[in-house]
Amino acid sequence: MDTLQQTEIAVQRTDKPVSEQDRKAILANPGFGKYLTDHMVTIRYTQDKGWHDARVSPLQDLGLSPGTMVLHYAGEIFEGMKAYRLPDGGVTLFRPGANASRFNASAERLAMAQIPEDLFVNAVRALVHADQDWVPSQEGASLYLRPFMIGTEMAIGTHPSNSFLFSVIASPVASYFKGDAAGVSLWVSENYTRAAPGGTGAAKCGGNYAGALAAQAEAAREGCEQVVFLDAVERRWVEELAGMNIFFVFEDGSLQTPPLSGTILPGITRNSLISLANDMGLTVREERYGIDQWKADAASGRLVEVFACGTAAAVAPIGKVKGKGFDLTVRGGEPGPVTARLKKALTDIQFGRAPDPRHWLDRVV
Ligand code: COI
C-alpha cells in the first residue's frame with residue numbers, strides 16, 4: 001500500500017542508485033551512520049519567499065560559500081528519527097510530529113526560521129518513501145533520519161541568518177552501542193558541563209554536541225563509553241549523557257529521571273518511556289538526582305538499574321559508572337528486568353509488534 005500524501009515536494013529520483021548488491025551488503029551490516037541513502041530532501045527559506053524549492057533529489061554535496069554563517073557561528077539544529085520495517089513489509093515513522101515541534105523549539109532558541117510542522121513531516125515521509133528499500137529488516141536495525149537546518153546567509157557579522165537550508169538525509173543503522181546488551185559504561189565529568197541555565201541545553205543544536213566532545217574524549221581516556229554531565233551551577237545534579245537522557249530504577253520498582261529544567265534535551269524516547277512505565281503501573285518521578293545520592297543508593301542497594309535512552313540508542317542499560325575516586329558497577333554489569341521490559345514495550349510498538357493505542361506510528365509505506 002502506498003500511503004504517501006500529495007505534497008508540494010518535487011521528487012527527482014537518482015539515475016545512479018547504489019546497486020542492489022551493494023545496498024544489500026550495507027543493510028546486512030550497517031554499523032551506525034556510516035552510509036547515506038540514494039536521496040536527500042532540501043527546502044530553502046528566504047525572507048522574501050518563505051519556504052520554497054522543496055525537493056527530493058539525488059544525494060549530493062552542498063555548495064556553500066566559505067563565508068556562510070553556519071561555518072562561523074554554528075547556526076545549526078537537527079533532529080534524530082527512525083523509520084522502522086513493519087512485520088507486513090511496510091515502513092513506519094514514530095511520533096514525527098513530536099520531532100517537528102521540538103525542531104521548531106530549537107529553531108526559536110537559535111533565532112532561526114520556523115518550518116511548518118506538516119512540511120517537516122511531509123519532507124521526512126517523502127525521503128522515506130523514495131528510499132524505502134534502504135529500511136533494514138533485521139532485528140533492531142532501522143533507517144536513521146537526520147533532518148537539519150543551517151543558516152546560509154553569506155555574512156561575517158553576527159546576526160540571525162536571513163536565509164536557511166532545511167535538509168533531510170538518511171542512514172541505515174544497527175545498534176548504536178557495541179556493548180549494548182551488556183551495559184554501557186559512564187564517566188562522570190567534573191571538568192566539563194554540557195549546559196547552563198539560560199543556555200542552549202534544551203535545544204537540539206550541533207553546538208551542544210561539539211561542546212561535549214572533549215568530555216567524551218575524557219570519558220574514553222578513563223575507559224568509559226559515554227560521559228554523564230552534572231549541572232553547571234551546583235555541580236551535583238545528574239543531567240544527561242552527551243546525546244541521551246538517563247533513568248534510575250529503585251528497588252521499590254519506581255523510576256526517576258532528571259526534570260526538563262531547561263538544561264536537558266526533552267527526549268521523545270524519554271517522554272514515551274514515562275508513558276509506557278505509567279501504563280505498567282510504575283511510578284516515574286521527574287526529579288533531580290544528585291551524584292552523592294547515586295553513590296549512596298548504589299552502595300545500599302536501593303538503586304537497582306540505570307539506563308540511558310534516545311532515538312539512536314533506544315534503551316541502553318548502564319553497567320558501570322566511574323568518576324574521580326569512585327567506580328560503581330550496576331547489577332554486576334548485567335541489564336535489569338525493568339530496563340528490558342521498557343525496551344521491549346517501546347521497540348515492540350516501533351516495529352509494529354504490539355498495539356499502538358496512542359497512535360504514535362505514522363505509516364509511510
Ligand atoms: C539521537 O538519539 O537520535 C541523537 O540525536 C543522538 C546522537 C548522539 C546520535
# chains A, B, ... in the order shown; residues from 1 in each chain; ligands from 1
>>> residues_near_ligand(ligand="ligand 1", cutoff="12 Å", atoms="only C-alpha atoms and all ligand atoms", output="JSON, numbers by chain")
{"A": [32, 33, 77, 78, 79, 80, 81, 82, 83, 99, 103, 142, 143, 144, 145, 146, 147, 148, 170, 171, 173, 175, 176, 177, 203, 204, 205, 206, 208, 209, 210, 212, 213, 216, 226, 227, 240, 241, 242, 243, 244, 245, 265, 266, 267, 268, 269, 270, 308, 309, 310, 311, 312, 313, 314, 315, 316]}
>>> write_last_selection(atoms="C-alpha atoms", output="PDB file, in the first residue's frame")
ATOM      1  CA  PHE A  32      25.813   3.336  12.821  1.00  0.00           C
ATOM      2  CA  GLY A  33      25.722   6.349  10.496  1.00  0.00           C
ATOM      3  CA  ILE A  77      19.863  22.456  14.548  1.00  0.00           C
ATOM      4  CA  PHE A  78      18.890  18.875  13.901  1.00  0.00           C
ATOM      5  CA  GLU A  79      16.596  16.000  14.805  1.00  0.00           C
ATOM      6  CA  GLY A  80      17.093  12.252  15.175  1.00  0.00           C
ATOM      7  CA  MET A  81      14.286   9.986  13.944  1.00  0.00           C
ATOM      8  CA  LYS A  82      13.935   6.460  12.634  1.00  0.00           C
ATOM      9  CA  ALA A  83      11.872   4.599  10.041  1.00  0.00           C
ATOM     10  CA  ASN A  99      10.245  15.858  16.303  1.00  0.00           C
ATOM     11  CA  PHE A 103      12.743  21.219  15.857  1.00  0.00           C
ATOM     12  CA  SER A 142      16.234   0.733  11.157  1.00  0.00           C
ATOM     13  CA  LEU A 143      16.677   3.717   8.854  1.00  0.00           C
ATOM     14  CA  TYR A 144      18.009   6.658  10.868  1.00  0.00           C
ATOM     15  CA  LEU A 145      16.712  10.015   9.634  1.00  0.00           C
ATOM     16  CA  ARG A 146      18.523  13.249  10.159  1.00  0.00           C
ATOM     17  CA  PRO A 147      16.529  16.414   9.473  1.00  0.00           C
ATOM     18  CA  PHE A 148      18.712  19.501   9.949  1.00  0.00           C
ATOM     19  CA  ALA A 170      19.007   9.030   5.885  1.00  0.00           C
ATOM     20  CA  SER A 171      21.369   6.293   7.033  1.00  0.00           C
ATOM     21  CA  VAL A 173      21.705   1.724  11.216  1.00  0.00           C
ATOM     22  CA  SER A 175      22.727  -0.895  17.305  1.00  0.00           C
ATOM     23  CA  TYR A 176      24.285   2.412  18.490  1.00  0.00           C
ATOM     24  CA  PHE A 177      26.484   0.782  21.119  1.00  0.00           C
ATOM     25  CA  ALA A 203      17.789  22.785  22.024  1.00  0.00           C
ATOM     26  CA  LYS A 204      18.999  20.085  19.657  1.00  0.00           C
ATOM     27  CA  CYS A 205      21.799  22.130  18.139  1.00  0.00           C
ATOM     28  CA  GLY A 206      25.125  20.893  16.833  1.00  0.00           C
ATOM     29  CA  ASN A 208      25.820  21.224  22.239  1.00  0.00           C
ATOM     30  CA  TYR A 209      27.310  18.077  20.760  1.00  0.00           C
ATOM     31  CA  ALA A 210      30.555  19.808  19.744  1.00  0.00           C
ATOM     32  CA  ALA A 212      30.513  17.618  24.710  1.00  0.00           C
ATOM     33  CA  LEU A 213      33.310  16.058  22.656  1.00  0.00           C
ATOM     34  CA  GLN A 216      33.541  12.410  25.746  1.00  0.00           C
ATOM     35  CA  GLN A 226      29.953   7.766  27.452  1.00  0.00           C
ATOM     36  CA  VAL A 227      30.170  10.871  29.598  1.00  0.00           C
ATOM     37  CA  GLU A 240      22.156  13.676  30.851  1.00  0.00           C
ATOM     38  CA  LEU A 241      24.717  11.963  28.655  1.00  0.00           C
ATOM     39  CA  ALA A 242      26.187  13.740  25.614  1.00  0.00           C
ATOM     40  CA  GLY A 243      23.216  12.652  23.495  1.00  0.00           C
ATOM     41  CA  MET A 244      20.862  10.633  25.683  1.00  0.00           C
ATOM     42  CA  ASN A 245      18.613  11.054  28.712  1.00  0.00           C
ATOM     43  CA  LEU A 265      17.053  17.785  25.974  1.00  0.00           C
ATOM     44  CA  PRO A 266      13.324  16.964  26.089  1.00  0.00           C
ATOM     45  CA  GLY A 267      13.791  13.464  24.692  1.00  0.00           C
ATOM     46  CA  ILE A 268      10.919  11.925  22.740  1.00  0.00           C
ATOM     47  CA  THR A 269      12.116   8.485  23.822  1.00  0.00           C
ATOM     48  CA  ARG A 270      12.247   9.794  27.421  1.00  0.00           C
ATOM     49  CA  ALA A 308      20.105   5.711  29.017  1.00  0.00           C
ATOM     50  CA  CYS A 309      17.625   6.405  26.237  1.00  0.00           C
ATOM     51  CA  GLY A 310      17.372   8.247  22.949  1.00  0.00           C
ATOM     52  CA  THR A 311      16.300   7.685  19.362  1.00  0.00           C
ATOM     53  CA  ALA A 312      19.664   6.363  18.234  1.00  0.00           C
ATOM     54  CA  ALA A 313      20.268   4.011  21.158  1.00  0.00           C
ATOM     55  CA  ALA A 314      16.598   3.298  22.089  1.00  0.00           C
ATOM     56  CA  VAL A 315      17.120   1.971  25.645  1.00  0.00           C
ATOM     57  CA  ALA A 316      20.676   1.165  26.739  1.00  0.00           C
TER      58      ALA A 316
END
>>> select_by_dssp(residues="stretch 120-315 of chain A", states="strand (DSSP E)", output="PyMOL selection string")
chain A and resi 142-151+163-173+184-188+226-230+238-241+245-250+255-257+284-286+303-310+314-315
>>> residues_around(residues="A:Ile156", least_positions_apart="4", cutoff="8 Å", atoms="only C-alpha atoms", output="list in words")
Gly67, Thr68, Met69 and His72 of chain A
>>> closest_residue(among="A:Asn122, A:Thr46, A:Ser57, A:Thr193", to="A:Gly151", atoms="only C-alpha atoms")
A:Thr46
>>> atom_distance(atom1="atom CA of A:Gly253", atom2="atom CA of A:Leu328")
20.6 Å
>>> atom_distance(atom1="atom CA of A:Asp362", atom2="atom CA of A:Ile349")
11.5 Å
>>> closest_atom_pairs(of="stretch 204-265 of chain A", to="stretch 293-305 of chain A", cutoff="10 Å", atoms="only C-alpha atoms", output="Markdown table")
| residue | atom | partner | partner_atom | distance |
| --- | --- | --- | --- | --- |
| A:Arg236 | CA | A:Gln293 | CA | 9.5 |
| A:Trp237 | CA | A:Gln293 | CA | 9.5 |
| A:Val238 | CA | A:Trp294 | CA | 9.0 |
| A:Phe247 | CA | A:Glu305 | CA | 8.4 |
| A:Phe248 | CA | A:Glu305 | CA | 6.0 |
| A:Val249 | CA | A:Glu305 | CA | 4.8 |
| A:Phe250 | CA | A:Leu303 | CA | 4.5 |
| A:Glu251 | CA | A:Arg302 | CA | 5.3 |
| A:Asp252 | CA | A:Arg302 | CA | 8.0 |
| A:Gly253 | CA | A:Val304 | CA | 8.9 |
| A:Ser254 | CA | A:Leu303 | CA | 9.9 |
| A:Leu255 | CA | A:Glu305 | CA | 9.2 |
>>> residues_around(residues="A:Phe120", least_positions_apart="4", cutoff="12 Å", atoms="only C-alpha atoms", output="NGL selection string")
:A and (7-9 or 41-43 or 51 or 54 or 78-79 or 96-104 or 114-116 or 124-127 or 146-149 or 166-168)
>>> residues_around(residues="A:Ala220", least_positions_apart="5", cutoff="10 Å", atoms="only C-alpha atoms", output="list of chain:residue names")
A:Ser185, A:Leu186, A:Trp187, A:Ala214, A:Ala215, A:Glu225, A:Gln226, A:Val227
>>> closest_residue(among="A:Glu334, A:Thr200, A:Trp134, A:Tyr73", to="A:Glu20", atoms="only C-alpha atoms")
A:Trp134
>>> closest_residue(among="A:Pro335, A:Gly323, A:Pro87, A:Gly223", to="A:Gln350", atoms="only C-alpha atoms")
A:Pro87
>>> closest_residue(among="A:Lys24, A:Arg85, A:Lys34, A:Arg285", to="A:Arg363", atoms="only C-alpha atoms")
A:Arg85
>>> atom_distance(atom1="atom CA of A:Met40", atom2="atom CA of A:Leu59")
5.2 Å
>>> select_by_dssp(residues="stretch 135-355 of chain A", states="helix (DSSP H, G or I)", output="PyMOL selection string")
chain A and resi 206-221+268-279+291-300+331-333+337-350
>>> closest_residue(among="A:Asp131, A:Tyr289, A:Ser163, A:Asp88", to="A:Asp48", atoms="only C-alpha atoms")
A:Ser163
